[in-house]
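Structure file my_file-v1.tsv (TSV, C-alpha atoms and all ligand atoms) is printed below.
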chain	number	residue	atom	x	y	z
X	14	MET	CA	-6.61	-27.86	4.96
X	15	ASN	CA	-8.22	-24.89	3.31
X	16	PRO	CA	-7.04	-24.85	-0.31
X	17	ILE	CA	-7.13	-21.06	-0.54
X	18	PHE	CA	-4.07	-20.93	1.70
X	19	ALA	CA	-2.71	-24.43	1.11
X	20	ASP	CA	-2.43	-23.89	-2.65
X	21	ILE	CA	-0.83	-20.45	-2.81
X	22	PRO	CA	2.93	-20.02	-2.98
X	23	THR	CA	4.96	-18.03	-0.44
X	24	THR	CA	4.63	-14.28	-1.14
X	25	ILE	CA	6.83	-12.82	-3.84
X	26	PHE	CA	8.35	-10.46	-1.23
X	27	GLU	CA	9.56	-13.31	0.94
X	28	THR	CA	10.70	-15.30	-2.09
X	29	MET	CA	12.79	-12.47	-3.52
X	30	SER	CA	14.21	-11.53	-0.11
X	31	ARG	CA	15.30	-15.16	0.37
X	32	LEU	CA	16.93	-15.19	-3.07
X	33	ALA	CA	18.66	-11.90	-2.24
X	34	ILE	CA	20.22	-13.47	0.86
X	35	GLN	CA	21.16	-16.64	-1.01
X	36	HIS	CA	22.92	-14.69	-3.78
X	37	GLN	CA	24.24	-11.92	-1.51
X	38	ALA	CA	22.38	-9.45	-3.66
X	39	ILE	CA	21.42	-5.81	-3.08
X	40	ASN	CA	17.78	-6.20	-2.07
X	41	LEU	CA	15.57	-3.70	-3.90
X	42	GLY	CA	12.65	-6.16	-3.87
X	43	GLN	CA	10.59	-6.08	-0.68
X	44	GLY	CA	9.53	-2.53	0.16
X	45	PHE	CA	11.16	-1.37	3.36
X	46	PRO	CA	13.35	1.70	3.83
X	47	ASP	CA	16.96	1.87	5.00
X	48	ASP	CA	16.00	5.01	6.92
X	49	PRO	CA	15.52	3.91	10.57
X	50	GLY	CA	12.55	6.26	11.05
X	51	PRO	CA	12.32	9.44	13.17
X	52	GLU	CA	14.29	9.07	16.38
X	53	ASP	CA	11.82	11.05	18.49
X	54	VAL	CA	8.99	8.70	17.50
X	55	ARG	CA	11.10	5.65	18.32
X	56	ARG	CA	12.08	7.20	21.65
X	57	ALA	CA	8.43	7.87	22.44
X	58	ALA	CA	7.76	4.15	21.91
X	59	ALA	CA	10.73	3.11	24.08
X	60	GLU	CA	9.64	5.49	26.82
X	61	ALA	CA	6.11	4.13	26.66
X	62	VAL	CA	7.40	0.56	27.03
X	63	LEU	CA	9.41	1.49	30.10
X	64	THR	CA	7.08	3.81	31.91
X	65	GLY	CA	3.68	3.40	30.29
X	66	TRP	CA	0.81	0.95	30.26
X	67	ASN	CA	1.72	-2.51	28.98
X	68	GLN	CA	-1.62	-4.25	29.47
X	69	TYR	CA	-4.51	-4.43	27.02
X	70	PRO	CA	-5.42	-1.03	25.65
X	71	PRO	CA	-9.05	-0.30	24.71
X	72	MET	CA	-10.36	-2.41	21.85
X	73	MET	CA	-10.94	0.56	19.53
X	74	GLY	CA	-7.46	1.94	20.21
X	75	LEU	CA	-6.03	4.49	22.64
X	76	PRO	CA	-8.26	7.60	22.68
X	77	GLU	CA	-5.14	9.79	22.25
X	78	LEU	CA	-4.27	7.98	19.02
X	79	ARG	CA	-7.82	8.00	17.67
X	80	GLN	CA	-7.97	11.74	18.36
X	81	ALA	CA	-4.57	12.19	16.70
X	82	VAL	CA	-5.73	10.31	13.59
X	83	ALA	CA	-8.85	12.49	13.28
X	84	ALA	CA	-6.77	15.65	13.80
X	85	HIS	CA	-4.13	14.51	11.31
X	86	TYR	CA	-6.66	13.84	8.57
X	87	ARG	CA	-8.37	17.15	9.30
X	88	ARG	CA	-4.99	18.90	8.89
X	89	PHE	CA	-3.86	17.09	5.74
X	90	HIS	CA	-7.06	16.09	3.96
X	91	ALA	CA	-9.74	18.39	5.37
X	92	LEU	CA	-11.71	15.36	6.58
X	93	ASP	CA	-14.17	15.80	9.41
X	94	LEU	CA	-14.07	12.56	11.42
X	95	ASP	CA	-15.67	11.91	14.79
X	96	TRP	CA	-12.86	10.06	16.59
X	97	GLU	CA	-15.24	8.26	18.93
X	98	ARG	CA	-17.54	6.86	16.30
X	99	GLU	CA	-15.46	6.86	13.11
X	100	VAL	CA	-11.85	5.95	13.95
X	101	MET	CA	-10.44	2.57	15.00
X	102	ILE	CA	-6.86	1.33	15.44
X	103	THR	CA	-5.83	-2.06	14.04
X	104	SER	CA	-2.66	-4.14	13.93
X	105	GLY	CA	-1.52	-2.80	10.59
X	106	ALA	CA	-3.41	-2.15	7.38
X	107	THR	CA	-3.41	-5.88	6.74
X	108	GLU	CA	-5.65	-6.54	9.73
X	109	ALA	CA	-7.89	-3.68	8.64
X	110	LEU	CA	-8.23	-5.19	5.17
X	111	ALA	CA	-8.96	-8.68	6.49
X	112	GLY	CA	-11.43	-7.36	9.04
X	113	SER	CA	-13.23	-5.16	6.50
X	114	LEU	CA	-13.72	-8.07	4.13
X	115	LEU	CA	-14.90	-10.42	6.88
X	116	ALA	CA	-17.27	-7.79	8.23
X	117	LEU	CA	-18.73	-6.47	5.00
X	118	ILE	CA	-19.12	-9.33	2.57
X	119	GLU	CA	-21.15	-12.50	2.63
X	120	PRO	CA	-20.36	-15.65	0.67
X	121	GLY	CA	-21.20	-15.12	-2.98
X	122	ASP	CA	-20.84	-11.34	-2.91
X	123	GLU	CA	-18.69	-9.94	-5.68
X	124	VAL	CA	-15.64	-7.81	-4.92
X	125	VAL	CA	-14.02	-5.68	-7.61
X	126	LEU	CA	-10.21	-5.71	-7.58
X	127	PHE	CA	-7.87	-3.57	-9.66
X	128	GLN	CA	-4.84	-5.48	-10.85
X	129	PRO	CA	-1.91	-5.24	-10.39
X	130	MET	CA	-3.06	-5.65	-6.78
X	131	TYR	CA	-1.30	-5.93	-3.46
X	132	ASP	CA	-0.82	-9.63	-2.90
X	133	ALA	CA	-2.91	-10.00	0.26
X	134	TYR	CA	-6.18	-8.89	-1.39
X	135	LEU	CA	-7.16	-11.92	-3.41
X	136	PRO	CA	-6.73	-14.65	-0.78
X	137	LEU	CA	-8.48	-12.48	1.80
X	138	VAL	CA	-11.42	-11.87	-0.54
X	139	LYS	CA	-11.72	-15.55	-1.36
X	140	ARG	CA	-11.41	-16.69	2.26
X	141	ALA	CA	-14.21	-14.30	3.19
X	142	GLY	CA	-16.36	-16.06	0.56
X	143	GLY	CA	-16.15	-13.22	-1.95
X	144	VAL	CA	-16.07	-13.69	-5.70
X	145	PRO	CA	-13.30	-11.56	-7.26
X	146	LYS	CA	-13.97	-9.50	-10.40
X	147	PHE	CA	-10.91	-7.93	-11.95
X	148	VAL	CA	-10.29	-4.61	-13.63
X	149	THR	CA	-6.92	-4.70	-15.38
X	150	LEU	CA	-4.70	-1.62	-15.39
X	151	ARG	CA	-1.95	-1.32	-17.96
X	152	PRO	CA	1.33	0.58	-18.28
X	153	PRO	CA	2.41	3.26	-18.72
X	154	HIS	CA	-0.55	5.18	-17.22
X	155	TRP	CA	-2.37	2.50	-15.23
X	156	ARG	CA	-5.67	4.43	-15.50
X	157	ILE	CA	-9.16	3.03	-14.92
X	158	ASP	CA	-10.86	2.13	-18.17
X	159	GLU	CA	-14.62	2.69	-17.93
X	160	ALA	CA	-15.50	-0.28	-20.15
X	161	ALA	CA	-13.51	-2.60	-17.88
X	162	LEU	CA	-15.10	-1.07	-14.79
X	163	LYS	CA	-18.57	-1.50	-16.24
X	164	ALA	CA	-17.85	-5.14	-17.06
X	165	ALA	CA	-16.61	-5.83	-13.52
X	166	PHE	CA	-19.62	-4.36	-11.68
X	167	SER	CA	-22.88	-6.31	-11.43
X	168	PRO	CA	-25.96	-6.40	-9.19
X	169	LYS	CA	-23.95	-8.75	-6.94
X	170	THR	CA	-21.10	-6.26	-6.36
X	171	LYS	CA	-20.78	-5.57	-2.65
X	172	ALA	CA	-17.35	-4.00	-2.39
X	173	VAL	CA	-14.29	-2.73	-4.19
X	174	ILE	CA	-10.73	-2.70	-2.89
X	175	PHE	CA	-9.16	0.51	-4.07
X	176	ASN	CA	-5.47	1.17	-3.46
X	177	ASN	CA	-4.42	4.77	-4.01
X	178	PRO	CA	-1.54	5.68	-4.32
X	179	LEU	CA	-1.11	2.34	-6.00
X	180	ASN	CA	1.53	-0.23	-5.11
X	181	PRO	CA	3.23	-1.63	-7.25
X	182	THR	CA	2.68	0.88	-10.09
X	183	ALA	CA	3.82	3.91	-8.05
X	184	THR	CA	1.00	5.99	-9.51
X	185	VAL	CA	-1.73	8.23	-8.12
X	186	PHE	CA	-5.19	8.05	-9.66
X	187	PRO	CA	-6.36	11.42	-10.95
X	188	ARG	CA	-9.56	13.00	-9.63
X	189	GLU	CA	-11.36	11.97	-12.81
X	190	ASP	CA	-10.79	8.26	-12.03
X	191	LEU	CA	-11.93	8.73	-8.43
X	192	GLU	CA	-15.15	10.34	-9.65
X	193	LEU	CA	-15.68	7.58	-12.18
X	194	LEU	CA	-15.31	4.93	-9.49
X	195	GLY	CA	-17.58	6.95	-7.19
X	196	ARG	CA	-20.37	6.90	-9.79
X	197	TYR	CA	-20.19	3.10	-10.02
X	198	LEU	CA	-20.16	2.73	-6.23
X	199	GLU	CA	-23.31	4.82	-5.98
X	200	LYS	CA	-25.05	3.14	-8.87
X	201	HIS	CA	-24.39	-0.33	-7.44
X	202	ASN	CA	-24.77	0.58	-3.79
X	203	ALA	CA	-21.27	-0.76	-3.11
X	204	ILE	CA	-18.61	0.06	-0.52
X	205	ALA	CA	-14.99	0.94	-1.29
X	206	ILE	CA	-12.33	-0.46	1.01
X	207	CYS	CA	-9.70	2.22	0.41
X	208	ASP	CA	-6.14	1.11	1.03
X	209	GLU	CA	-4.40	4.47	1.41
X	210	VAL	CA	-1.28	3.32	3.25
X	211	TRP	CA	0.88	5.33	0.82
X	212	GLU	CA	-1.06	8.59	1.36
X	213	HIS	CA	2.00	10.47	2.63
X	214	VAL	CA	4.57	9.04	0.23
X	215	LEU	CA	3.84	11.34	-2.72
X	216	PHE	CA	6.20	13.26	-4.96
X	217	ASP	CA	6.26	16.21	-7.35
X	218	ASP	CA	3.99	18.25	-5.04
X	219	LEU	CA	1.06	15.92	-5.63
X	220	ARG	CA	-1.69	15.97	-3.01
X	221	HIS	CA	-3.50	12.89	-1.79
X	222	GLU	CA	-7.27	12.92	-2.23
X	223	PRO	CA	-8.99	10.33	-0.04
X	224	LEU	CA	-11.97	8.76	-1.81
X	225	ILE	CA	-14.01	9.17	1.39
X	226	GLY	CA	-13.67	12.94	0.97
X	227	LEU	CA	-15.47	13.07	-2.38
X	228	PRO	CA	-19.06	14.32	-2.41
X	229	GLY	CA	-21.52	11.50	-1.78
X	230	LEU	CA	-18.89	8.92	-0.79
X	231	ARG	CA	-18.64	9.64	2.94
X	232	GLU	CA	-20.97	6.75	3.82
X	233	ARG	CA	-19.55	4.28	1.28
X	234	CYS	CA	-15.85	4.21	2.08
X	235	VAL	CA	-13.63	2.51	4.59
X	236	LYS	CA	-10.38	4.47	4.68
X	237	ILE	CA	-7.33	2.47	5.75
X	238	GLY	CA	-3.97	4.00	6.69
X	239	SER	CA	-0.76	2.67	8.25
X	240	ALA	CA	1.83	4.26	10.54
X	241	GLY	CA	4.41	1.90	9.02
X	242	LYS	CA	4.51	3.92	5.80
X	243	ILE	CA	4.04	7.35	7.38
X	244	PHE	CA	7.05	6.97	9.66
X	245	SER	CA	9.27	4.57	7.65
X	246	LEU	CA	8.70	1.97	10.37
X	247	THR	CA	7.18	-0.86	8.35
X	248	GLY	CA	7.50	-3.39	11.18
X	249	TRP	CA	5.29	-1.40	13.50
X	250	LYS	CA	1.93	-2.59	12.22
X	251	VAL	CA	-0.28	0.17	13.53
X	252	GLY	CA	-3.21	0.69	11.18
X	253	PHE	CA	-6.00	3.28	11.14
X	254	VAL	CA	-9.53	2.63	9.94
X	255	CYS	CA	-11.99	5.45	9.31
X	256	ALA	CA	-15.61	4.91	8.31
X	257	ALA	CA	-19.10	6.25	8.96
X	258	PRO	CA	-20.62	4.99	12.25
X	259	ALA	CA	-22.98	2.42	10.68
X	260	ILE	CA	-20.06	0.71	8.92
X	261	MET	CA	-17.64	1.15	11.82
X	262	LYS	CA	-19.96	-0.71	14.21
X	263	VAL	CA	-19.59	-3.85	12.10
X	264	LEU	CA	-15.85	-3.40	11.47
X	265	ALA	CA	-15.31	-3.18	15.23
X	266	LYS	CA	-17.04	-6.56	15.68
X	267	ALA	CA	-14.62	-8.19	13.26
X	268	HIS	CA	-11.60	-6.48	14.87
X	269	GLN	CA	-12.61	-7.64	18.36
X	270	PHE	CA	-12.19	-11.26	17.33
X	271	ILE	CA	-9.16	-10.95	15.06
X	272	THR	CA	-6.58	-9.15	17.16
X	273	PHE	CA	-8.84	-7.25	19.60
X	274	THR	CA	-6.12	-4.65	20.07
X	275	THR	CA	-2.66	-3.35	19.13
X	276	PRO	CA	0.44	-2.78	21.35
X	277	PRO	CA	-0.25	0.33	23.46
X	278	ASN	CA	3.32	1.66	23.42
X	279	LEU	CA	3.41	1.82	19.65
X	280	GLN	CA	0.01	3.52	19.67
X	281	THR	CA	1.34	6.17	22.07
X	282	ALA	CA	4.36	6.81	19.85
X	283	VAL	CA	2.26	7.03	16.68
X	284	ALA	CA	-0.12	9.48	18.39
X	285	TYR	CA	2.90	11.65	19.14
X	286	GLY	CA	4.27	11.24	15.59
X	287	LEU	CA	1.04	12.20	13.83
X	288	GLY	CA	1.26	15.55	15.56
X	289	LYS	CA	4.69	16.37	14.15
X	290	THR	CA	4.94	19.55	12.14
X	291	ASP	CA	4.56	19.59	8.36
X	292	ASP	CA	8.36	19.74	7.96
X	293	TYR	CA	8.70	16.10	8.92
X	294	PHE	CA	6.16	14.86	6.37
X	295	LEU	CA	7.45	17.12	3.61
X	296	GLY	CA	11.08	16.28	4.46
X	297	MET	CA	10.37	12.57	4.12
X	298	ARG	CA	8.90	13.17	0.66
X	299	ARG	CA	11.81	15.36	-0.36
X	300	ASP	CA	14.41	12.76	0.68
X	301	LEU	CA	12.60	9.93	-1.05
X	302	GLN	CA	12.09	12.03	-4.16
X	303	ALA	CA	15.83	12.72	-4.30
X	304	ALA	CA	16.51	8.96	-4.07
X	305	ARG	CA	13.94	8.32	-6.79
X	306	ASP	CA	15.53	10.89	-9.09
X	307	ARG	CA	19.04	9.56	-8.56
X	308	PHE	CA	17.98	5.98	-9.18
X	309	ALA	CA	15.83	6.86	-12.22
X	310	ALA	CA	18.68	8.84	-13.77
X	311	GLY	CA	21.06	5.90	-13.27
X	312	LEU	CA	18.70	3.40	-14.82
X	313	THR	CA	17.91	5.69	-17.74
X	314	GLN	CA	21.61	6.14	-18.37
X	315	ALA	CA	21.96	2.36	-18.37
X	316	GLY	CA	19.52	2.34	-21.29
X	317	LEU	CA	16.43	1.16	-19.42
X	318	THR	CA	12.92	2.53	-19.85
X	319	VAL	CA	11.84	4.01	-16.53
X	320	LEU	CA	8.10	4.40	-15.93
X	321	PRO	CA	6.90	7.46	-14.01
X	322	SER	CA	7.02	7.05	-10.22
X	323	ARG	CA	4.79	9.58	-8.48
X	324	ALA	CA	4.34	7.87	-5.10
X	325	THR	CA	5.38	4.91	-2.87
X	326	TYR	CA	8.95	3.60	-2.40
X	327	PHE	CA	8.91	2.09	-5.86
X	328	LEU	CA	10.01	2.69	-9.41
X	329	ASN	CA	9.19	0.42	-12.33
X	330	ILE	CA	10.98	-0.28	-15.53
X	331	ASP	CA	9.38	-1.39	-18.75
X	332	LEU	CA	11.21	-4.45	-20.03
X	333	SER	CA	9.42	-4.66	-23.36
X	334	PRO	CA	12.03	-2.65	-25.32
X	335	LEU	CA	14.76	-5.07	-24.23
X	336	ALA	CA	15.98	-7.63	-26.70
X	337	ASN	CA	14.23	-11.02	-26.89
X	338	ASN	CA	11.20	-9.74	-25.01
X	339	ILE	CA	11.98	-11.63	-21.81
X	340	ASP	CA	9.19	-11.86	-19.25
X	341	ASP	CA	9.52	-10.06	-15.93
X	342	ALA	CA	9.73	-13.13	-13.67
X	343	ALA	CA	12.54	-14.66	-15.76
X	344	TRP	CA	14.32	-11.30	-15.95
X	345	CYS	CA	14.14	-10.76	-12.17
X	346	THR	CA	15.41	-14.31	-11.53
X	347	ARG	CA	18.40	-13.72	-13.79
X	348	LEU	CA	18.97	-10.29	-12.29
X	349	VAL	CA	19.23	-11.63	-8.76
X	350	GLU	CA	21.31	-14.67	-9.72
X	351	GLU	CA	23.69	-13.01	-12.17
X	352	ALA	CA	23.73	-9.28	-11.39
X	353	LYS	CA	22.99	-9.76	-7.69
X	354	VAL	CA	20.21	-7.22	-7.47
X	355	ALA	CA	16.75	-8.28	-6.25
X	356	ALA	CA	13.62	-6.72	-7.81
X	357	ILE	CA	9.96	-7.78	-7.95
X	358	PRO	CA	8.24	-8.93	-11.16
X	359	VAL	CA	4.98	-6.98	-11.38
X	360	SER	CA	3.22	-9.97	-13.01
X	361	ALA	CA	3.12	-11.44	-9.48
X	362	PHE	CA	0.38	-8.92	-8.70
X	363	TYR	CA	-2.03	-10.16	-11.38
X	364	ALA	CA	-4.44	-13.09	-11.18
X	365	ALA	CA	-5.50	-13.00	-14.85
X	366	ASP	CA	-4.60	-11.12	-18.06
X	367	HIS	CA	-1.08	-10.68	-16.73
X	368	VAL	CA	1.11	-7.80	-17.80
X	369	ARG	CA	4.52	-9.51	-17.88
X	370	SER	CA	6.84	-6.72	-18.88
X	371	VAL	CA	7.43	-4.65	-15.75
X	372	ALA	CA	9.96	-4.96	-12.91
X	373	ARG	CA	9.64	-3.05	-9.62
X	374	PHE	CA	12.55	-1.68	-7.60
X	375	CYS	CA	12.47	-0.18	-4.10
X	376	PHE	CA	14.52	3.03	-4.02
X	377	ALA	CA	14.02	3.83	-0.31
X	378	LYS	CA	17.64	2.82	0.19
X	379	SER	CA	21.01	4.39	0.94
X	380	THR	CA	22.83	6.20	-1.87
X	381	ASP	CA	25.57	3.58	-1.77
X	382	LYS	CA	23.11	0.76	-2.30
X	383	LEU	CA	21.29	2.57	-5.10
X	384	ASP	CA	24.53	3.47	-6.90
X	385	GLY	CA	25.86	-0.05	-6.43
X	386	ALA	CA	22.65	-1.53	-7.83
X	387	VAL	CA	22.68	0.81	-10.83
X	388	ALA	CA	26.28	-0.19	-11.65
X	389	ARG	CA	25.38	-3.89	-11.48
X	390	ILE	CA	22.18	-3.47	-13.50
X	391	ALA	CA	24.00	-1.40	-16.16
X	392	ASP	CA	26.61	-4.11	-16.50
X	393	PHE	CA	23.94	-6.80	-16.71
X	394	VAL	CA	21.98	-4.94	-19.39
X	395	LYS	CA	25.16	-4.37	-21.40
X	396	HIS	CA	26.55	-7.89	-21.20
X	397	GLY	CA	23.63	-10.02	-20.01
X	401	LIG	N1	-1.41	-2.34	1.46
X	401	LIG	C1	-0.43	-1.96	0.63
X	401	LIG	C2	-0.79	-1.43	-0.72
X	401	LIG	C3	0.89	-2.08	1.02
X	401	LIG	O1	1.87	-1.70	0.18
X	401	LIG	C4	1.19	-2.59	2.30
X	401	LIG	C5	2.59	-2.79	2.80
X	401	LIG	N2	3.57	-2.35	2.03
X	401	LIG	C6	0.13	-2.96	3.14
X	401	LIG	C7	-1.15	-2.83	2.69
X	401	LIG	C8	0.38	-3.53	4.50
X	401	LIG	O2	0.43	-2.57	5.49
X	401	LIG	P1	0.72	-2.96	7.01
X	401	LIG	O3	2.16	-3.31	7.11
X	401	LIG	O4	0.33	-1.76	7.81
X	401	LIG	O5	-0.14	-4.15	7.33
X	402	LIG	N1	4.31	-3.96	1.06
X	402	LIG	C1	5.67	-4.32	0.88
X	402	LIG	C2	6.01	-4.22	-0.61
X	402	LIG	O1	5.18	-3.90	-1.39
X	402	LIG	C3	5.96	-5.72	1.35
X	402	LIG	C4	5.12	-6.23	2.47
X	402	LIG	C5	5.38	-7.68	2.72
X	402	LIG	O2	6.49	-8.17	2.60
X	402	LIG	N2	4.33	-8.38	3.01
X	402	LIG	O3	7.11	-4.49	-0.96
Take the structure from the file and write it as structure tokens.
Ligand code: PMP
Ligand code: GLN
Amino acid sequence: MNPIFADIPTTIFETMSRLAIQHQAINLGQGFPDDPGPEDVRRAAAEAVLTGWNQYPPMMGLPELRQAVAAHYRRFHALDLDWEREVMITSGATEALAGSLLALIEPGDEVVLFQPMYDAYLPLVKRAGGVPKFVTLRPPHWRIDEAALKAAFSPKTKAVIFNNPLNPTATVFPREDLELLGRYLEKHNAIAICDEVWEHVLFDDLRHEPLIGLPGLRERCVKIGSAGKIFSLTGWKVGFVCAAPAIMKVLAKAHQFITFTTPPNLQTAVAYGLGKTDDYFLGMRRDLQAARDRFAAGLTQAGLTVLPSRATYFLNIDLSPLANNIDDAAWCTRLVEEAKVAAIPVSAFYAADHVRSVARFCFAKSTDKLDGAVARIADFVKHG
């Protein structure tokens, strides 16, 4: 069996969710919202199942969805995308990531990864024959350090996976960091695979800046989005890939032999959803921001050090001020077993030079759950 998959443990999300069930804990580990998602979008999907086309849709995605993606990104990010040549639909961002790596890199090519990194990246890079080079980001700001970037790039660099907004840190890279990365991409003739699944889940009036929109980067970026995050429907697995025609041609070849296509009814519903008025998108941010604020206030009151959360469903706490300097994995294990609250140790997202002092909580949950979790965590911190 291939050791890349045979030798890796089950994902931390699955592991913590299983522990949450075993200990009847409040699960703030795996990132999925309690909110069932907009009813009109779900109805559009149901209607499409009953009365619409249930056979293979076109390989590149339904034209109505590809047009909706281009229009949506024109509206929100001022991007000018040709839907016929530059937009493809995949079965989630995960397929888009796997396909991009398989299509773009050859064995021995180097791929720059920023850690903490979403857990799918490293095995996918390795299985595609890529050689990972890491740039380590550190709390509390998680910014790109130019010396580390310089050390990671080499003449063999073919691609970078760049996740912005960044899961699990809940941060948004400032323009300065995007420009810095852009200079290295140009200098090394490399492509950025931009995982922007969290592009709509931003707080404090921040605006998302897609890397592909920066001057000079239009031909060097693969922009990946996901309806799962935009509509709080994480099980839907409808991904969007945008790239210049020369890159897209190759991405389409990989897609045709991975999944070939994506359920047409969900595509129809997402096409409808992307056209919703700004109120929906801003309302989602407002509701999540209120949950974030409530949860952060509770944890702060419990004496914990809350790190800034500017995006995603997540909020991190810095464990280093706690007594006896416990590491995050041990702390999260005790938290789920004793306090009955599941969180994710951020060290699980590193492959080297681990930061072991940060725990991630998902706050996209009901007020009752958040308040209940805060009470349990406060008690644990006080007596634990
Ligand atoms: N990338 C990141 C950074 C994510 O957080 C997630 C899911 N939370 C994904 C990719 C996967 O997206 P999808 O479910 O559309 O495959
Ligand atoms: N992306 C989700 C998170 O960060 C989990 C996805 C998964 O379970 N694979 O929590």
Separation of atom CA of X:Ala172 from atom CA of X:Phe26 in Å: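 Atom CA of X:Phe26 sits 26.5 Å away from atom CA of X:Ala172.
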Residue neighbourhood X:Ser370, 12 Å, only C-alpha atoms, exclusion window fewer than 4 positions, as a PyMOL selection string: chain X and resi 151-153+318+320+329-335+337-345+357-361
Neighbour list for stretch 281-285 of chain X as a list in words, cut-off 6 Å, all atoms listed in the file, skip fewer than 3 positions in-chain: Val54, Ala57, Ala58, Leu78, Ala81, Asn278 and Gly288 of chain X
Write the residues of the selection above to a file with C-alpha atoms, as an mmCIF file, keeping the file's coordinate frame.
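So the final result, stored in part.cif, reads:
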data_model
loop_
_atom_site.group_PDB
_atom_site.id
_atom_site.type_symbol
_atom_site.label_atom_id
_atom_site.label_comp_id
_atom_site.auth_asym_id
_atom_site.auth_seq_id
_atom_site.Cartn_x
_atom_site.Cartn_y
_atom_site.Cartn_z
ATOM 1 C CA VAL X 54 8.990 8.700 17.500
ATOM 2 C CA ALA X 57 8.430 7.870 22.440
ATOM 3 C CA ALA X 58 7.760 4.150 21.910
ATOM 4 C CA LEU X 78 -4.270 7.980 19.020
ATOM 5 C CA ALA X 81 -4.570 12.190 16.700
ATOM 6 C CA ASN X 278 3.320 1.660 23.420
ATOM 7 C CA GLY X 288 1.260 15.550 15.560
#
Exercise: stretch 66-69 of chain X partners within 12 Å, only C-alpha atoms, chain neighbours under 5 positions left out, as a list in words: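 Using only C-alpha atoms, the neighbours found are Ala58, Ala59, Glu60, Ala61, Gly74, Leu75, Thr272, Phe273, Thr274, Thr275, Pro276, Pro277, Asn278, Leu279, Gln280 and Thr281 of chain X.
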Each residue of chain X lying at most 7 Å from ligand LIG 402 (chain X) should get a row with its shortest atom-to-atom pair and the distance in Å to one decimal, counting all atoms listed in the file; could you produce that, ordered by chain and increasing number, as JSON lines?
{"residue": "X:Phe26", "atom": "CA", "partner": "X:LIG402", "partner_atom": "O2", "distance": 4.8}
{"residue": "X:Glu27", "atom": "CA", "partner": "X:LIG402", "partner_atom": "O2", "distance": 6.2}
{"residue": "X:Gly42", "atom": "CA", "partner": "X:LIG402", "partner_atom": "O3", "distance": 6.5}
{"residue": "X:Gln43", "atom": "CA", "partner": "X:LIG402", "partner_atom": "O3", "distance": 3.8}
{"residue": "X:Gly44", "atom": "CA", "partner": "X:LIG402", "partner_atom": "O3", "distance": 3.3}
{"residue": "X:Phe45", "atom": "CA", "partner": "X:LIG402", "partner_atom": "O3", "distance": 6.7}
{"residue": "X:Asn180", "atom": "CA", "partner": "X:LIG402", "partner_atom": "O1", "distance": 6.4}
{"residue": "X:Pro181", "atom": "CA", "partner": "X:LIG402", "partner_atom": "O1", "distance": 6.6}
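Nearest to X:Val394 of all the residues X:Cys375, X:Asn177, X:Ala33, X:Thr313 is X:Thr313, counting all atoms listed in the file.
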Env. residues ligand LIG 401 (chain X) / 7 Å / only C-alpha atoms and all ligand atoms / as a list in words: Gly44, Gly105, Ala106, Thr107, Glu108, Tyr131, Asn176, Leu179, Asn180, Asp208, Val210, Ser239, Ala240, Gly241, Thr247, Gly248, Lys250, Val251 and Gly252 of chain X
Restrict the selected residues to C-alpha atoms and save them as a PDB file, in the coordinates of the input.
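To be explicit, this is the file written out as selection_15.pdb:
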ATOM      1  CA  GLY X  44       9.530  -2.530   0.160  1.00  0.00           C
ATOM      2  CA  GLY X 105      -1.520  -2.800  10.590  1.00  0.00           C
ATOM      3  CA  ALA X 106      -3.410  -2.150   7.380  1.00  0.00           C
ATOM      4  CA  THR X 107      -3.410  -5.880   6.740  1.00  0.00           C
ATOM      5  CA  GLU X 108      -5.650  -6.540   9.730  1.00  0.00           C
ATOM      6  CA  TYR X 131      -1.300  -5.930  -3.460  1.00  0.00           C
ATOM      7  CA  ASN X 176      -5.470   1.170  -3.460  1.00  0.00           C
ATOM      8  CA  LEU X 179      -1.110   2.340  -6.000  1.00  0.00           C
ATOM      9  CA  ASN X 180       1.530  -0.230  -5.110  1.00  0.00           C
ATOM     10  CA  ASP X 208      -6.140   1.110   1.030  1.00  0.00           C
ATOM     11  CA  VAL X 210      -1.280   3.320   3.250  1.00  0.00           C
ATOM     12  CA  SER X 239      -0.760   2.670   8.250  1.00  0.00           C
ATOM     13  CA  ALA X 240       1.830   4.260  10.540  1.00  0.00           C
ATOM     14  CA  GLY X 241       4.410   1.900   9.020  1.00  0.00           C
ATOM     15  CA  THR X 247       7.180  -0.860   8.350  1.00  0.00           C
ATOM     16  CA  GLY X 248       7.500  -3.390  11.180  1.00  0.00           C
ATOM     17  CA  LYS X 250       1.930  -2.590  12.220  1.00  0.00           C
ATOM     18  CA  VAL X 251      -0.280   0.170  13.530  1.00  0.00           C
ATOM     19  CA  GLY X 252      -3.210   0.690  11.180  1.00  0.00           C
TER      20      GLY X 252
END
Non-local contacts of X:Asp93 (12 Å; all atoms listed in the file; under 2 positions in same chain excluded) as JSON, numbers by chain: {"X": [80, 82, 83, 84, 85, 86, 87, 88, 89, 90, 91, 95, 96, 98, 99, 100, 225, 226, 231, 255, 256, 257]}
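Here the question is which of X:Asn40, X:Thr290, X:Ser322, X:Thr182 gets nearest to X:Gln302 using only C-alpha atoms, and that residue is X:Ser322.
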Pick from X:His36, X:Asp218, X:His367, X:Thr23 nearest to X:Arg347, counting all atoms listed in the file: X:His36
Nearest candidate to X:Ala259 (options X:Val124, X:Leu117, X:Leu227, X:Ile243; using all atoms listed in the file): X:Leu117
Pairwise distance for atom CA of X:Met29 and atom CA of X:Gly112, rounded to one decimal in Å: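 About the pair atom CA of X:Met29 and atom CA of X:Gly112: they are 27.8 Å apart.
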Option closest in space to X:Gly311, from X:Leu115, X:Ala386, X:Leu287, X:Ala164 [counting only C-alpha atoms]: X:Ala386
